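Trainee: Pasting a structure here, questions to come.
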Amino acid sequence: MKVLVTGGLGFIGSHTVVELQNEGFEVVIIDNLSNSTEDVLKGITNITGKTPLFEKLDLREKSAVQDFFKKHNDVTGVIHFAASKAVGESVENPLLYYENNISSLVYLLQELQQKPEASFIFSSSCTVYGQAEKMPITEDAPVQTAMSPYGNTKQIGEEIIIDTAKVTNISAILLRYFNPVGAHATTEIGELPIGVPQNLVPFITQTGVGLRKELSVFGDDYPTPDGTAVRDYIHVVDLAKAHVIALQRLFNKKNVQKVETFNLGTGTGSSVLEVIHSFEKVSDKKLPYKIMPRREGDITEAYANTDKANDVLGWKAQLSLDEAMASAWKWEQKVRS
């Protein structure tokens, strides 16, 4: 099977390409390199012994998407990662997020709906739940008014896929995941944001290696055990494997609905300070950090109920927070050496 992975040189995308190739899939990547580099291809090749096909294009260009599917008309499965993903940036620049995250999805689905059948895996997010009323969060938790334009694009994206699947031969799985962290055990690929990191762990590791003066902890007055925000941090390799299992579920027609939804997380919430302490433990370094005011768009806590993913999808996270932090630290040191 030939699988398209959009955003396949990004953090989660590249790890998923590795797992797909390990399972024998032929992979073609689309990436516009807005938050990644072509060097990631070398890392994928070094791990798997195979170089995936790569097309540099911007999914916001409808004609480019049409041309891609004419060239690669044997693509029957798509894993769609390509999207802008920073909560804070989306609050500051909402139109960028609506154009990038919604237009690209629509153009992909317009091409897939012309096929006799197609399988679509959507990179969604726990942000669709907003500040959920109950922890841990199940898939039945109400989708709340989004706290940020980024979260809203994930909600809208899910709605677009559900509406499209009703009237086309597209089957889809929406993977709502929590906070991906870590790096591949080989340190060939990992999280390498361009510019100032928007996510906690790369900021921690960049501070640890001396690239940043200190870490900003946004808020210590949340109603949590230590006052800092709580999230469910999942190792990116566990997350990548879930995408392959989900795609195989669609290819093998094991899905019981045209569109299925699964939470992907560890089921455990960790506070910002707990993540810092985990880093300090695995790195044997003291991390300088400063408490700052809360950020607009941030919620108090979010961690997953993973029963459905465990029982129905047949997937379970295997790697711990300490293992994730250790791999992220090894990766950061390699990149800066």
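Naming scheme: A, B, ... for chains in displayed order of the structure tokens; residues 1 onward per chain; ligands 1 onward as shown.
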List every residue of region 59-181 of chain A that DSSP, applied to the backbone of this structure, places in strand (DSSP E or B), and write the result as a list of chain:residue names.

Mentor: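 Everything in region 59-181 of chain A that counts as strand (DSSP E or B) is A:Val75, A:Thr76, A:Gly77, A:Val78, A:Ile79, A:His80, A:Ala118, A:Ser119, A:Phe120, A:Ile121, A:Phe122, A:Ser123, A:Ser124, A:Ser125, A:Ile137, A:Ile170, A:Ser171, A:Ala172, A:Ile173, A:Leu174, A:Leu175, A:Arg176, A:Tyr177, A:Asn179, A:Pro180, A:Val181.
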
Trainee: Would you mind listing what lies within 9 Å of Gln318 (chain A) as a list in words, with only C-alpha atoms counted and same-chain residues fewer than 5 positions away left out?

Mentor: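 The contact residues come out as His235, Asp238 and Thr266 of chain A.
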
Trainee: Can I get the selected residues back with C-alpha atoms, as a PDB file, in the first residue's frame?

Mentor:
```
ATOM      1  CA  HIS A 235       6.275   9.306  23.895  1.00  0.00           C
ATOM      2  CA  ASP A 238       4.189   5.177  21.005  1.00  0.00           C
ATOM      3  CA  THR A 266      -0.746   7.538  28.681  1.00  0.00           C
TER       4      THR A 266
END
```

Trainee: My list of candidates is A:Ile137, A:Ala82, A:Val181, A:Phe262. Which is closest to Asp311 (chain A) when distances are computed with only C-alpha atoms?

Mentor: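 When distances to Asp311 (chain A) are compared using only C-alpha atoms, the smallest one comes from A:Phe262.
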
Trainee: Need to verify the contact set: Val87 (chain A), 12 Å, only C-alpha atoms, exclusion of same-chain residues closer than 5 positions in sequence. Can you return it as number ranges by chain?

Mentor: A: 92-94, 97, 125, 127, 146-154, 197-199, 295-299

Trainee: Pick out the residues sitting within 12 Å of Val335 (chain A), and hand them over as a PyMOL selection string; count only C-alpha atoms, and ignore anything fewer than 4 positions along from it in its own chain.

Mentor: chain A and resi 39-40+183+187-193+202+205-206+209+211+328-331

Trainee: For those residues, write C-alpha atoms to a file as a compact mmCIF listing (two decimals), in the first residue's frame.

Mentor:
```
# COMPACT_ATOMS: atom_id res chain seq x y z
CA ASP A 39 17.84 16.57 6.64
CA VAL A 40 15.13 14.58 8.43
CA ALA A 183 12.76 11.24 20.31
CA THR A 187 18.72 9.85 18.06
CA GLU A 188 18.45 9.98 14.26
CA ILE A 189 15.19 11.98 14.47
CA GLY A 190 13.52 14.05 17.18
CA GLU A 191 11.80 17.36 17.87
CA LEU A 192 13.71 20.26 16.35
CA PRO A 193 11.49 23.34 16.17
CA PRO A 202 12.14 21.25 23.58
CA THR A 205 16.13 20.57 26.62
CA GLN A 206 17.32 23.77 24.91
CA VAL A 209 21.98 22.52 26.84
CA LEU A 211 20.72 27.56 24.26
CA ALA A 328 14.65 14.07 24.21
CA TRP A 329 17.79 15.01 26.14
CA LYS A 330 19.99 12.59 24.16
CA TRP A 331 18.56 14.04 20.95
```

Trainee: Mind running region 92-206 of chain A against region 271-275 of chain A at 10 Å and telling me each contacting residue's nearest atom pair with the distance in Å (one decimal), counting only C-alpha atoms, chain and number ascending, as a tab-separated table?

Mentor:
```
residue	atom	partner	partner_atom	distance
A:Leu200	CA	A:Val272	CA	8.0
A:Val201	CA	A:Val275	CA	8.0
A:Ile204	CA	A:Val275	CA	9.0
```

Trainee: Go through A:Thr145, A:Ser278, A:Ser337, A:Ser63 one by one, measure the shortest atom-to-atom distance of each to Gly130 (chain A) using only C-alpha atoms, and give the residue with the smallest value.

Mentor: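 Of A:Thr145, A:Ser278, A:Ser337, A:Ser63, the one nearest Gly130 (chain A), counting only C-alpha atoms, is A:Thr145.
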